[in-house]
file model.cif (mmCIF, C-alpha atoms)
data_final
loop_
_atom_site.label_atom_id
_atom_site.label_comp_id
_atom_site.auth_asym_id
_atom_site.auth_seq_id
_atom_site.Cartn_x
_atom_site.Cartn_y
_atom_site.Cartn_z
CA MET A 1 17.68 16.81 20.65
CA THR A 2 19.98 14.89 22.96
CA GLY A 3 21.58 11.45 23.11
CA HIS A 4 21.47 9.01 20.25
CA PRO A 5 17.92 8.59 18.99
CA GLU A 6 18.31 5.15 17.44
CA ASP A 7 19.47 3.66 20.70
CA VAL A 8 16.36 4.73 22.62
CA ILE A 9 13.63 2.15 22.54
CA ASN A 10 11.14 3.31 25.17
CA LYS A 11 8.10 4.26 23.09
CA ASN A 12 7.05 6.88 25.63
CA GLU A 13 10.26 8.81 25.24
CA LYS A 14 9.68 11.33 22.51
CA ILE A 15 11.94 13.82 20.82
CA SER A 16 10.68 17.39 20.53
CA LEU A 17 10.92 19.20 17.22
CA LYS A 18 10.24 22.79 16.26
CA PRO A 19 6.52 23.19 15.36
CA SER A 20 6.17 22.33 11.69
CA THR A 21 3.59 21.31 9.07
CA LEU A 22 3.94 17.61 9.71
CA LEU A 23 0.39 16.34 9.28
CA THR A 24 1.12 13.46 6.92
CA PRO A 25 0.20 12.16 4.31
CA VAL A 26 -1.80 14.84 2.51
CA PRO A 27 -3.48 14.82 -0.89
CA VAL A 28 -1.72 16.19 -3.96
CA VAL A 29 -4.08 18.50 -5.82
CA LEU A 30 -3.85 20.59 -8.90
CA ILE A 31 -6.12 23.62 -8.81
CA SER A 32 -7.38 25.18 -12.04
CA CYS A 33 -8.79 28.67 -12.14
CA GLN A 34 -9.17 31.54 -14.53
CA GLY A 35 -9.46 35.29 -14.23
CA ASN A 36 -8.00 38.61 -15.25
CA PRO A 37 -6.79 40.32 -12.09
CA ASP A 38 -4.43 42.42 -14.27
CA GLY A 39 -7.32 43.63 -16.41
CA ALA A 40 -6.03 41.64 -19.39
CA GLN A 41 -7.71 38.72 -21.16
CA PRO A 42 -8.84 36.07 -18.61
CA LYS A 43 -6.34 33.26 -18.79
CA PRO A 44 -6.63 29.73 -17.51
CA ASN A 45 -4.12 28.95 -14.81
CA LEU A 46 -2.92 26.03 -12.71
CA ILE A 47 -1.59 25.98 -9.17
CA THR A 48 -0.47 23.08 -7.03
CA VAL A 49 -1.47 23.48 -3.42
CA ALA A 50 0.05 21.37 -0.69
CA TRP A 51 -2.61 22.38 1.80
CA ALA A 52 -6.08 21.17 0.85
CA GLY A 53 -8.66 19.16 2.71
CA THR A 54 -12.27 18.15 3.08
CA ILE A 55 -13.92 20.25 5.79
CA ASN A 56 -17.63 19.41 5.76
CA SER A 57 -19.80 16.45 4.77
CA GLU A 58 -23.29 17.85 4.12
CA PRO A 59 -22.93 19.72 1.85
CA PRO A 60 -19.50 18.48 0.73
CA MET A 61 -16.92 21.23 1.21
CA VAL A 62 -13.18 21.61 0.77
CA SER A 63 -10.62 24.15 1.81
CA ILE A 64 -7.47 25.19 0.00
CA SER A 65 -4.74 27.46 1.32
CA VAL A 66 -3.10 29.87 -1.10
CA ARG A 67 -0.46 32.50 -0.41
CA LYS A 68 -1.63 36.05 -1.10
CA SER A 69 1.33 36.60 -3.39
CA ARG A 70 0.23 33.86 -5.80
CA TYR A 71 -1.22 34.88 -9.14
CA SER A 72 -4.00 32.32 -8.69
CA HIS A 73 -4.95 33.95 -5.37
CA ALA A 74 -6.08 37.09 -7.21
CA GLN A 75 -7.88 34.98 -9.83
CA ILE A 76 -9.86 33.03 -7.23
CA MET A 77 -10.66 36.18 -5.25
CA GLU A 78 -12.08 37.68 -8.42
CA THR A 79 -14.17 34.74 -9.65
CA ARG A 80 -14.90 32.97 -6.34
CA GLU A 81 -14.47 29.61 -8.04
CA PHE A 82 -11.85 26.94 -8.71
CA VAL A 83 -11.60 23.29 -9.71
CA VAL A 84 -9.79 20.67 -7.64
CA ASN A 85 -8.19 18.16 -10.01
CA LEU A 86 -7.12 14.92 -8.34
CA VAL A 87 -3.63 13.87 -9.33
CA ASP A 88 -2.73 10.43 -10.63
CA GLN A 89 0.73 9.14 -11.47
CA ASN A 90 0.49 10.40 -15.07
CA LEU A 91 -0.25 13.93 -13.88
CA LEU A 92 2.37 14.03 -11.14
CA GLN A 93 5.26 15.56 -13.02
CA ALA A 94 3.09 18.39 -14.39
CA THR A 95 1.63 18.91 -10.92
CA ASP A 96 5.04 19.23 -9.34
CA PHE A 97 6.03 21.69 -12.07
CA CYS A 98 2.92 23.81 -11.38
CA GLY A 99 3.93 23.97 -7.74
CA VAL A 100 7.29 25.58 -8.45
CA LYS A 101 6.43 27.98 -11.32
CA SER A 102 4.20 31.08 -11.35
CA GLY A 103 1.25 31.43 -13.73
CA GLN A 104 1.94 35.13 -14.13
CA SER A 105 4.91 34.54 -16.42
CA ILE A 106 4.02 31.31 -18.22
CA ASP A 107 1.01 29.48 -19.61
CA LYS A 108 1.11 26.37 -17.44
CA PHE A 109 -1.51 24.46 -19.42
CA ALA A 110 0.66 24.83 -22.54
CA ALA A 111 3.95 24.22 -20.70
CA CYS A 112 2.60 20.97 -19.22
CA GLN A 113 0.68 19.91 -22.33
CA LEU A 114 -2.55 19.77 -20.36
CA THR A 115 -6.02 20.46 -21.76
CA PRO A 116 -8.40 22.97 -20.14
CA ILE A 117 -12.00 21.80 -20.52
CA VAL A 118 -15.31 23.26 -19.40
CA ALA A 119 -16.02 22.27 -15.78
CA GLU A 120 -19.59 21.55 -14.82
CA LYS A 121 -21.34 24.45 -13.01
CA MET A 122 -18.31 26.74 -13.27
CA GLN A 123 -18.72 30.18 -14.88
CA ILE A 124 -15.10 30.46 -15.95
CA ALA A 125 -12.72 28.10 -14.08
CA PRO A 126 -11.71 25.18 -16.34
CA ALA A 127 -11.03 21.59 -15.34
CA VAL A 128 -7.97 19.59 -16.39
CA ALA A 129 -9.06 16.99 -18.95
CA GLU A 130 -6.25 14.63 -17.92
CA SER A 131 -7.36 14.45 -14.26
CA PRO A 132 -9.23 11.30 -13.24
CA LEU A 133 -11.69 13.18 -11.00
CA THR A 134 -12.48 16.87 -10.68
CA LEU A 135 -14.42 18.84 -8.09
CA SER A 136 -16.04 22.11 -9.17
CA CYS A 137 -15.88 24.42 -6.16
CA HIS A 138 -17.66 27.63 -5.28
CA VAL A 139 -15.96 29.80 -2.63
CA THR A 140 -18.20 30.55 0.35
CA GLN A 141 -15.72 32.24 2.71
CA VAL A 142 -12.11 33.45 2.75
CA ILE A 143 -10.27 33.41 6.06
CA GLU A 144 -7.09 35.38 6.37
CA LEU A 145 -4.32 33.42 8.10
CA PRO A 146 -0.77 34.63 8.74
CA SER A 147 0.96 33.23 5.64
CA HIS A 148 -1.93 31.89 3.56
CA ASP A 149 -5.55 32.70 2.86
CA LEU A 150 -7.89 29.80 3.55
CA PHE A 151 -10.59 29.46 0.90
CA LEU A 152 -13.63 27.51 2.10
CA ALA A 153 -15.68 26.21 -0.81
CA GLU A 154 -18.66 24.05 -1.55
CA ILE A 155 -18.24 21.22 -4.03
CA ILE A 156 -21.06 21.82 -6.49
CA ALA A 157 -20.17 19.29 -9.19
CA VAL A 158 -18.03 16.16 -9.55
CA GLN A 159 -16.81 14.77 -12.86
CA VAL A 160 -15.09 11.44 -13.23
CA ARG A 161 -13.22 9.65 -15.99
CA PRO A 162 -15.49 6.88 -17.33
CA ASN A 163 -12.94 4.08 -16.95
CA LEU A 164 -13.06 4.52 -13.15
CA PHE A 165 -16.44 2.79 -13.02
CA ASP A 166 -16.71 -0.96 -12.98
CA ARG A 167 -19.35 -2.97 -14.84
CA GLU A 168 -21.74 -2.55 -11.88
CA ASN A 169 -21.31 1.25 -12.26
CA ARG A 170 -19.49 1.55 -8.93
CA LEU A 171 -16.84 4.23 -8.64
CA ARG A 172 -13.47 2.47 -8.28
CA LEU A 173 -11.06 5.17 -7.08
CA ASP A 174 -8.66 2.39 -6.11
CA ARG A 175 -7.93 2.06 -9.83
CA ALA A 176 -7.04 5.73 -10.25
CA LYS A 177 -3.37 5.51 -9.16
CA LEU A 178 -3.75 8.61 -6.99
CA VAL A 179 -0.74 10.20 -5.35
CA ALA A 180 -0.12 11.18 -1.72
CA TYR A 181 2.38 13.74 -0.42
CA ALA A 182 4.38 12.99 2.70
CA HIS A 183 7.15 15.13 4.18
CA GLY A 184 8.42 16.45 0.85
CA ASP A 185 7.97 13.26 -1.16
CA TYR A 186 5.27 11.93 -3.46
CA TYR A 187 4.07 8.34 -2.98
CA SER A 188 1.73 5.92 -4.69
CA LEU A 189 -0.92 4.29 -2.54
CA GLY A 190 0.15 0.80 -1.51
CA GLN A 191 -1.71 -2.10 0.01
CA GLN A 192 -5.31 -1.85 1.19
CA LEU A 193 -5.15 -2.24 4.99
CA GLY A 194 -8.80 -2.00 5.91
CA PHE A 195 -11.98 -0.03 5.35
CA PHE A 196 -14.00 2.36 7.50
CA GLY A 197 -15.56 0.22 10.24
CA TYR A 198 -13.37 -2.85 9.66
CA SER A 199 -12.36 -2.98 13.33
CA ILE A 200 -15.89 -3.99 14.31
CA ALA A 201 -16.88 -5.83 11.12
CA ARG A 202 -18.04 -9.44 11.06
CA PRO A 203 -15.64 -11.91 9.41
CA GLU A 204 -17.84 -12.36 6.33
CA VAL A 205 -17.98 -8.58 5.78
CA LEU A 206 -14.22 -8.38 6.25
CA GLN A 207 -13.68 -11.04 3.63
CA LYS A 208 -16.03 -9.39 1.14
CA ARG A 209 -14.67 -5.86 1.53
CA MET A 210 -10.96 -6.56 1.55
CA ASN A 211 -9.97 -6.67 -2.10
CA ARG A 212 -6.50 -7.89 -1.43
CA THR A 213 -4.91 -10.09 1.21
CA ILE A 214 -6.41 -9.62 4.65
CA SER A 215 -3.54 -8.74 6.94
CA LYS A 216 -2.91 -10.57 10.18
CA THR A 217 -4.05 -7.50 12.15
CA THR A 218 -7.50 -7.45 10.60
CA LYS A 219 -8.06 -11.17 11.10
CA LYS A 220 -7.68 -10.97 14.85
CA ASN A 221 -10.30 -8.49 15.85
CA PRO A 222 -10.18 -7.73 19.59
CA HIS A 223 -12.60 -4.82 19.30
CA ARG A 224 -15.40 -6.70 17.61
CA ARG A 225 -18.60 -6.64 19.61
CA MET B 1 -24.93 8.28 -16.01
CA THR B 2 -25.57 6.95 -19.54
CA GLY B 3 -24.07 4.32 -21.85
CA HIS B 4 -21.45 1.87 -20.72
CA PRO B 5 -18.58 3.64 -18.96
CA GLU B 6 -15.88 1.06 -19.57
CA ASP B 7 -16.34 1.28 -23.34
CA VAL B 8 -15.76 5.03 -23.46
CA ILE B 9 -12.14 5.95 -24.02
CA ASN B 10 -12.25 9.67 -24.83
CA LYS B 11 -10.50 11.24 -21.85
CA ASN B 12 -12.49 14.44 -22.23
CA GLU B 13 -15.78 12.66 -21.77
CA LYS B 14 -16.53 12.72 -18.08
CA ILE B 15 -19.31 11.24 -16.03
CA SER B 16 -21.06 13.55 -13.58
CA LEU B 17 -21.67 12.42 -10.03
CA LYS B 18 -23.62 13.97 -7.21
CA PRO B 19 -21.36 16.38 -5.25
CA SER B 20 -19.50 14.35 -2.67
CA THR B 21 -16.45 14.44 -0.37
CA LEU B 22 -14.11 12.94 -2.94
CA LEU B 23 -10.87 14.77 -2.29
CA THR B 24 -8.54 11.77 -2.07
CA PRO B 25 -6.32 10.51 -0.42
CA VAL B 26 -6.56 12.20 2.97
CA PRO B 27 -4.60 11.65 6.20
CA VAL B 28 -5.86 9.32 8.91
CA VAL B 29 -5.60 11.08 12.26
CA LEU B 30 -6.45 10.20 15.76
CA ILE B 31 -7.30 13.21 17.90
CA SER B 32 -6.79 13.10 21.66
CA CYS B 33 -8.46 15.59 23.96
CA GLN B 34 -9.68 15.83 27.51
CA GLY B 35 -12.34 17.80 29.31
CA ASN B 36 -15.40 17.61 31.51
CA PRO B 37 -18.28 19.08 29.53
CA ASP B 38 -20.70 17.07 31.71
CA GLY B 39 -19.23 18.61 34.87
CA ALA B 40 -17.75 15.26 35.86
CA GLN B 41 -14.07 14.33 36.24
CA PRO B 42 -12.11 15.38 33.12
CA LYS B 43 -11.54 12.24 31.10
CA PRO B 44 -9.09 11.64 28.28
CA ASN B 45 -10.82 10.87 24.99
CA LEU B 46 -9.99 9.84 21.44
CA ILE B 47 -11.73 10.69 18.21
CA THR B 48 -10.87 9.75 14.66
CA VAL B 49 -11.52 12.54 12.22
CA ALA B 50 -11.66 11.96 8.51
CA TRP B 51 -11.41 15.65 7.74
CA ALA B 52 -8.13 17.19 8.80
CA GLY B 53 -5.55 19.23 6.95
CA THR B 54 -2.68 21.62 7.10
CA ILE B 55 -3.91 25.17 6.45
CA ASN B 56 -1.00 27.52 7.05
CA SER B 57 2.80 27.33 6.88
CA GLU B 58 4.11 30.16 9.07
CA PRO B 59 3.12 29.50 11.80
CA PRO B 60 2.21 25.86 11.12
CA MET B 61 -1.54 25.39 11.47
CA VAL B 62 -4.02 22.57 10.99
CA SER B 63 -7.77 22.31 10.82
CA ILE B 64 -9.98 19.48 11.97
CA SER B 65 -13.72 19.14 11.36
CA VAL B 66 -15.85 17.69 14.14
CA ARG B 67 -19.60 17.22 14.25
CA LYS B 68 -21.32 19.26 16.99
CA SER B 69 -22.94 16.08 18.33
CA ARG B 70 -19.58 14.47 19.13
CA TYR B 71 -18.51 14.23 22.76
CA SER B 72 -15.04 15.42 21.80
CA HIS B 73 -16.56 18.56 20.25
CA ALA B 74 -17.67 19.76 23.67
CA GLN B 75 -14.29 18.82 25.15
CA ILE B 76 -12.33 20.80 22.57
CA MET B 77 -14.69 23.77 22.84
CA GLU B 78 -14.05 23.80 26.57
CA THR B 79 -10.26 23.43 26.60
CA ARG B 80 -9.40 24.96 23.18
CA GLU B 81 -6.73 22.31 22.68
CA PHE B 82 -6.21 18.90 21.12
CA VAL B 83 -3.41 16.63 19.93
CA VAL B 84 -3.16 15.25 16.39
CA ASN B 85 -1.66 11.75 16.57
CA LEU B 86 -0.39 10.46 13.23
CA VAL B 87 -1.51 6.92 12.54
CA ASP B 88 0.80 4.11 11.54
CA GLN B 89 -0.17 0.56 10.61
CA ASN B 90 0.04 -0.61 14.24
CA LEU B 91 -2.42 2.09 15.33
CA LEU B 92 -4.87 1.63 12.47
CA GLN B 93 -7.28 -0.83 14.00
CA ALA B 94 -7.64 1.25 17.18
CA THR B 95 -8.05 4.38 15.05
CA ASP B 96 -10.84 2.82 13.03
CA PHE B 97 -12.51 1.72 16.26
CA CYS B 98 -12.32 5.29 17.66
CA GLY B 99 -14.08 6.51 14.51
CA VAL B 100 -17.14 4.33 15.04
CA LYS B 101 -17.60 4.50 18.84
CA SER B 102 -18.49 7.45 21.08
CA GLY B 103 -16.28 8.53 23.99
CA GLN B 104 -19.33 9.38 26.08
CA SER B 105 -20.10 5.75 26.81
CA ILE B 106 -16.67 4.08 26.80
CA ASP B 107 -13.09 4.79 27.77
CA LYS B 108 -11.46 4.53 24.37
CA PHE B 109 -7.89 4.60 25.69
CA ALA B 110 -8.66 1.52 27.78
CA ALA B 111 -10.75 -0.21 25.10
CA CYS B 112 -7.92 0.18 22.57
CA GLN B 113 -5.11 -0.49 25.05
CA LEU B 114 -3.54 2.87 24.25
CA THR B 115 -1.52 4.99 26.66
CA PRO B 116 -2.33 8.65 27.34
CA ILE B 117 0.87 10.61 27.98
CA VAL B 118 1.53 14.27 28.74
CA ALA B 119 1.72 16.25 25.51
CA GLU B 120 4.21 19.07 25.31
CA LYS B 121 2.68 22.56 25.83
CA MET B 122 -0.83 21.19 26.44
CA GLN B 123 -2.66 22.11 29.65
CA ILE B 124 -4.81 19.01 29.67
CA ALA B 125 -5.07 17.22 26.29
CA PRO B 126 -2.94 14.05 26.31
CA ALA B 127 -0.98 12.53 23.43
CA VAL B 128 -1.12 8.87 22.41
CA ALA B 129 2.16 7.22 23.40
CA GLU B 130 1.87 4.68 20.58
CA SER B 131 1.69 7.33 17.83
CA PRO B 132 4.90 7.91 15.86
CA LEU B 133 4.44 11.68 15.70
CA THR B 134 2.12 14.02 17.59
CA LEU B 135 1.17 17.65 17.06
CA SER B 136 0.07 19.68 20.09
CA CYS B 137 -2.55 22.12 18.81
CA HIS B 138 -4.05 25.27 20.27
CA VAL B 139 -7.41 26.32 18.81
CA THR B 140 -7.38 29.85 17.41
CA GLN B 141 -10.79 29.98 15.71
CA VAL B 142 -13.94 27.87 15.35
CA ILE B 143 -15.94 28.24 12.15
CA GLU B 144 -19.45 26.89 12.07
CA LEU B 145 -20.20 24.93 8.90
CA PRO B 146 -23.47 23.18 8.07
CA SER B 147 -22.67 19.67 9.36
CA HIS B 148 -19.33 20.14 11.12
CA ASP B 149 -17.49 22.78 13.08
CA LEU B 150 -14.09 23.64 11.64
CA PHE B 151 -11.45 24.08 14.33
CA LEU B 152 -8.45 26.12 13.16
CA ALA B 153 -5.45 25.55 15.38
CA GLU B 154 -1.80 26.43 15.66
CA ILE B 155 0.71 23.60 16.06
CA ILE B 156 2.69 24.65 19.12
CA ALA B 157 4.72 21.49 19.73
CA VAL B 158 5.81 18.40 17.81
CA GLN B 159 6.95 15.17 19.42
CA VAL B 160 8.44 12.27 17.52
CA ARG B 161 9.32 8.68 18.31
CA PRO B 162 13.13 8.46 18.56
CA ASN B 163 13.50 5.59 16.10
CA LEU B 164 12.24 7.86 13.29
CA PHE B 165 15.57 9.67 13.19
CA ASP B 166 18.50 8.27 11.27
CA ARG B 167 22.11 8.38 12.43
CA GLU B 168 22.49 11.86 10.90
CA ASN B 169 19.53 12.99 13.09
CA ARG B 170 17.29 13.51 10.06
CA LEU B 171 13.57 12.88 10.52
CA ARG B 172 12.68 9.84 8.38
CA LEU B 173 8.88 9.85 8.17
CA ASP B 174 9.18 7.40 5.28
CA ARG B 175 9.98 4.78 7.91
CA ALA B 176 6.84 5.46 9.94
CA LYS B 177 4.43 3.25 7.94
CA LEU B 178 1.80 6.00 7.92
CA VAL B 179 -1.68 5.31 6.63
CA ALA B 180 -3.78 7.17 4.03
CA TYR B 181 -7.57 7.11 3.66
CA ALA B 182 -9.10 6.95 0.21
CA HIS B 183 -12.78 6.62 -0.60
CA GLY B 184 -13.65 4.50 2.42
CA ASP B 185 -10.48 2.41 2.49
CA TYR B 186 -7.20 2.62 4.39
CA TYR B 187 -3.94 2.23 2.45
CA SER B 188 -0.26 2.00 3.19
CA LEU B 189 2.01 4.39 1.31
CA GLY B 190 3.63 2.65 -1.64
CA GLN B 191 6.52 3.58 -3.90
CA GLN B 192 8.25 6.95 -3.73
CA LEU B 193 7.39 8.66 -7.04
CA GLY B 194 9.26 11.93 -6.68
CA PHE B 195 9.93 14.83 -4.34
CA PHE B 196 8.84 18.45 -4.27
CA GLY B 197 10.64 20.14 -7.18
CA TYR B 198 11.70 16.91 -8.92
CA SER B 199 10.18 18.03 -12.22
CA ILE B 200 12.86 20.70 -12.58
CA ALA B 201 15.69 18.97 -10.72
CA ARG B 202 19.07 18.24 -12.23
CA PRO B 203 19.86 14.55 -12.87
CA GLU B 204 22.39 14.36 -10.02
CA VAL B 205 19.84 15.78 -7.55
CA LEU B 206 17.21 13.34 -8.85
CA GLN B 207 19.56 10.44 -8.29
CA LYS B 208 20.48 11.56 -4.77
CA ARG B 209 16.94 12.28 -3.60
CA MET B 210 15.14 9.26 -4.97
CA ASN B 211 15.58 6.56 -2.34
CA ARG B 212 14.12 3.82 -4.47
CA THR B 213 14.03 3.11 -8.19
CA ILE B 214 13.70 6.22 -10.30
CA SER B 215 10.63 5.70 -12.44
CA LYS B 216 10.66 6.11 -16.20
CA THR B 217 8.65 9.33 -15.86
CA THR B 218 11.20 11.08 -13.73
CA LYS B 219 14.12 10.14 -15.96
CA LYS B 220 12.70 11.97 -18.96
CA ASN B 221 12.26 15.48 -17.73
CA PRO B 222 10.64 17.69 -20.37
CA HIS B 223 10.10 20.57 -17.94
CA ARG B 224 13.67 20.87 -16.76
CA ARG B 225 15.10 24.34 -17.46
#

call {"tool": "encode", "arguments": {"input": "model.cif", "output": "structure tokens"}}
result
Amino acid sequence: MTGHPEDVINKNEKISLKPSTLLTPVPVVLISCQGNPDGAQPKPNLITVAWAGTINSEPPMVSISVRKSRYSHAQIMETREFVVNLVDQNLLQATDFCGVKSGQSIDKFAACQLTPIVAEKMQIAPAVAESPLTLSCHVTQVIELPSHDLFLAEIIAVQVRPNLFDRENRLRLDRAKLVAYAHGDYYSLGQQLGFFGYSIARPEVLQKRMNRTISKTTKKNPHRR
Amino acid sequence: MTGHPEDVINKNEKISLKPSTLLTPVPVVLISCQGNPDGAQPKPNLITVAWAGTINSEPPMVSISVRKSRYSHAQIMETREFVVNLVDQNLLQATDFCGVKSGQSIDKFAACQLTPIVAEKMQIAPAVAESPLTLSCHVTQVIELPSHDLFLAEIIAVQVRPNLFDRENRLRLDRAKLVAYAHGDYYSLGQQLGFFGYSIARPEVLQKRMNRTISKTTKKNPHRR
């Protein structure tokens, strides 16, 4: 890095950084699983993974990346199932805690005062009762990468907290206070800026779909055909 | 779905939904690539993918999911490279547009008034000059899934807009106005709620790391050891 970055204003002049995991923002997810890789009583466990994503639409699939050294890695390898628990602001502190502690030495459900409940279509992996939305996942493939194993999984059940539906029975995830992770920090979601397809939407659709103030950008619509 | 959801308050009572791609929020990314799958002149192209994620830490790797029918799919298969362009609020409208239009029929760079620039370490795939941060990616593996192909790729270069560094030369992605995608809507990032490890941080570290108001939750710290 040379010169003084803040004095450079040409947008085409970029500064090169060492390759790094800078895809941002990413979801914050709390994974619940259960198993007995040590041969002892199966115990429910929690792990926070920074690397998770949707990978396929039909059927819906997710991937999570877990280091081989993690206790939960052995549990998921054994049972081929896990639950993705979306994280809201109330769950954030527990989620952060589960990302820095190992489930081998402590009972994370107890330590975080969280409640394991039966997850739909799972043989053994529990869901976190306090999560607003949970995805029951069945592992279809494990791909070995240099530092992590990538678990590909099909979402076979979805369970949602009842108060996230409005009176017309529409799912209102915008009320869930979900958390995003960006470059080491956790953030709330802020203002709604648009919706999928808003760049080519007619003004009346724009007005209907934008719950909050329509920003100046979305009012002028150069791409509309 | 039975009864009236909004009247149910027991947090353990969940409503089941059809399996769906509900991992939320996810990043909004604009992929740039270039190739000539039709045998014509290689042309730079843009595609917005909803499904992208970090999958490995050392080396840094990402995955993107692209439908086989997409023009960019053939381009990436041919060149084995693409650039992930992070999306800020200024780029959002163009990004949405690139998610609903095909690059086979139109020149998306021109239609969106975006500038293709040389991306570090890429043979042919350009970066988007207007993006605050770009990741040059080399495909290492393609995994066929039912509706999408999953491209696993190593991040081999990172380029950042100079004004995202502060006077101490620290990368300040919190100033980039990045966008998140949640259940069909685009959102700004809101309040900083914590940082990785904040649940076990000492009060002085908490105070130093929290740029904005420390929330009530982070002040009481039941998990701190």

call {"tool": "resolve_selection", "arguments": {"input": "model.cif", "expression": "the PyMOL selection byres ((chain A and resi 160) around 9)", "output": "mmCIF file with C-alpha atoms, in the frame of the given file"}}
result
data_model
loop_
_atom_site.group_PDB
_atom_site.id
_atom_site.type_symbol
_atom_site.label_atom_id
_atom_site.label_comp_id
_atom_site.auth_asym_id
_atom_site.auth_seq_id
_atom_site.Cartn_x
_atom_site.Cartn_y
_atom_site.Cartn_z
ATOM 1 C CA SER A 131 -7.360 14.450 -14.260
ATOM 2 C CA PRO A 132 -9.230 11.300 -13.240
ATOM 3 C CA LEU A 133 -11.690 13.180 -11.000
ATOM 4 C CA THR A 134 -12.480 16.870 -10.680
ATOM 5 C CA VAL A 158 -18.030 16.160 -9.550
ATOM 6 C CA GLN A 159 -16.810 14.770 -12.860
ATOM 7 C CA ARG A 161 -13.220 9.650 -15.990
ATOM 8 C CA PRO A 162 -15.490 6.880 -17.330
ATOM 9 C CA ASN A 163 -12.940 4.080 -16.950
ATOM 10 C CA LEU A 164 -13.060 4.520 -13.150
ATOM 11 C CA PHE A 165 -16.440 2.790 -13.020
ATOM 12 C CA LEU A 171 -16.840 4.230 -8.640
ATOM 13 C CA GLU B 13 -15.780 12.660 -21.770
ATOM 14 C CA LYS B 14 -16.530 12.720 -18.080
ATOM 15 C CA ILE B 15 -19.310 11.240 -16.030
ATOM 16 C CA SER B 16 -21.060 13.550 -13.580
ATOM 17 C CA LEU B 17 -21.670 12.420 -10.030
#

call {"tool": "resolve_selection", "arguments": {"input": "model.cif", "expression": "the PyMOL selection byres ((chain B and resi 176-190) around 10)", "output": "VMD selection string"}}
result
(chain A and resid 24 to 27 171 to 174 178 to 182 186 to 198 209 to 210) or (chain B and resid 21 to 29 50 86 to 92 96 131 to 133 161 163 to 164 172 to 175 191 to 193)

call {"tool": "resolve_selection", "arguments": {"input": "model.cif", "expression": "the PyMOL selection byres ((chain B and resi 65) around 12)", "output": "JSON, numbers by chain"}}
result
{"A": [53, 54, 55, 56, 57, 61, 62, 63], "B": [29, 31, 47, 48, 49, 50, 51, 52, 53, 62, 63, 64, 66, 67, 68, 69, 70, 72, 73, 76, 142, 143, 144, 145, 146, 147, 148, 149, 150, 151, 152, 153]}

call {"tool": "write_last_selection", "arguments": {"input": "model.cif", "atoms": "C-alpha atoms", "output": "PDB file, in the coordinates of the input"}}
result
ATOM      1  CA  GLY A  53      -8.660  19.160   2.710  1.00  0.00           C
ATOM      2  CA  THR A  54     -12.270  18.150   3.080  1.00  0.00           C
ATOM      3  CA  ILE A  55     -13.920  20.250   5.790  1.00  0.00           C
ATOM      4  CA  ASN A  56     -17.630  19.410   5.760  1.00  0.00           C
ATOM      5  CA  SER A  57     -19.800  16.450   4.770  1.00  0.00           C
ATOM      6  CA  MET A  61     -16.920  21.230   1.210  1.00  0.00           C
ATOM      7  CA  VAL A  62     -13.180  21.610   0.770  1.00  0.00           C
ATOM      8  CA  SER A  63     -10.620  24.150   1.810  1.00  0.00           C
TER       9      SER A  63
ATOM     10  CA  VAL B  29      -5.600  11.080  12.260  1.00  0.00           C
ATOM     11  CA  ILE B  31      -7.300  13.210  17.900  1.00  0.00           C
ATOM     12  CA  ILE B  47     -11.730  10.690  18.210  1.00  0.00           C
ATOM     13  CA  THR B  48     -10.870   9.750  14.660  1.00  0.00           C
ATOM     14  CA  VAL B  49     -11.520  12.540  12.220  1.00  0.00           C
ATOM     15  CA  ALA B  50     -11.660  11.960   8.510  1.00  0.00           C
ATOM     16  CA  TRP B  51     -11.410  15.650   7.740  1.00  0.00           C
ATOM     17  CA  ALA B  52      -8.130  17.190   8.800  1.00  0.00           C
ATOM     18  CA  GLY B  53      -5.550  19.230   6.950  1.00  0.00           C
ATOM     19  CA  VAL B  62      -4.020  22.570  10.990  1.00  0.00           C
ATOM     20  CA  SER B  63      -7.770  22.310  10.820  1.00  0.00           C
ATOM     21  CA  ILE B  64      -9.980  19.480  11.970  1.00  0.00           C
ATOM     22  CA  VAL B  66     -15.850  17.690  14.140  1.00  0.00           C
ATOM     23  CA  ARG B  67     -19.600  17.220  14.250  1.00  0.00           C
ATOM     24  CA  LYS B  68     -21.320  19.260  16.990  1.00  0.00           C
ATOM     25  CA  SER B  69     -22.940  16.080  18.330  1.00  0.00           C
ATOM     26  CA  ARG B  70     -19.580  14.470  19.130  1.00  0.00           C
ATOM     27  CA  SER B  72     -15.040  15.420  21.800  1.00  0.00           C
ATOM     28  CA  HIS B  73     -16.560  18.560  20.250  1.00  0.00           C
ATOM     29  CA  ILE B  76     -12.330  20.800  22.570  1.00  0.00           C
ATOM     30  CA  VAL B 142     -13.940  27.870  15.350  1.00  0.00           C
ATOM     31  CA  ILE B 143     -15.940  28.240  12.150  1.00  0.00           C
ATOM     32  CA  GLU B 144     -19.450  26.890  12.070  1.00  0.00           C
ATOM     33  CA  LEU B 145     -20.200  24.930   8.900  1.00  0.00           C
ATOM     34  CA  PRO B 146     -23.470  23.180   8.070  1.00  0.00           C
ATOM     35  CA  SER B 147     -22.670  19.670   9.360  1.00  0.00           C
ATOM     36  CA  HIS B 148     -19.330  20.140  11.120  1.00  0.00           C
ATOM     37  CA  ASP B 149     -17.490  22.780  13.080  1.00  0.00           C
ATOM     38  CA  LEU B 150     -14.090  23.640  11.640  1.00  0.00           C
ATOM     39  CA  PHE B 151     -11.450  24.080  14.330  1.00  0.00           C
ATOM     40  CA  LEU B 152      -8.450  26.120  13.160  1.00  0.00           C
ATOM     41  CA  ALA B 153      -5.450  25.550  15.380  1.00  0.00           C
TER      42      ALA B 153
END
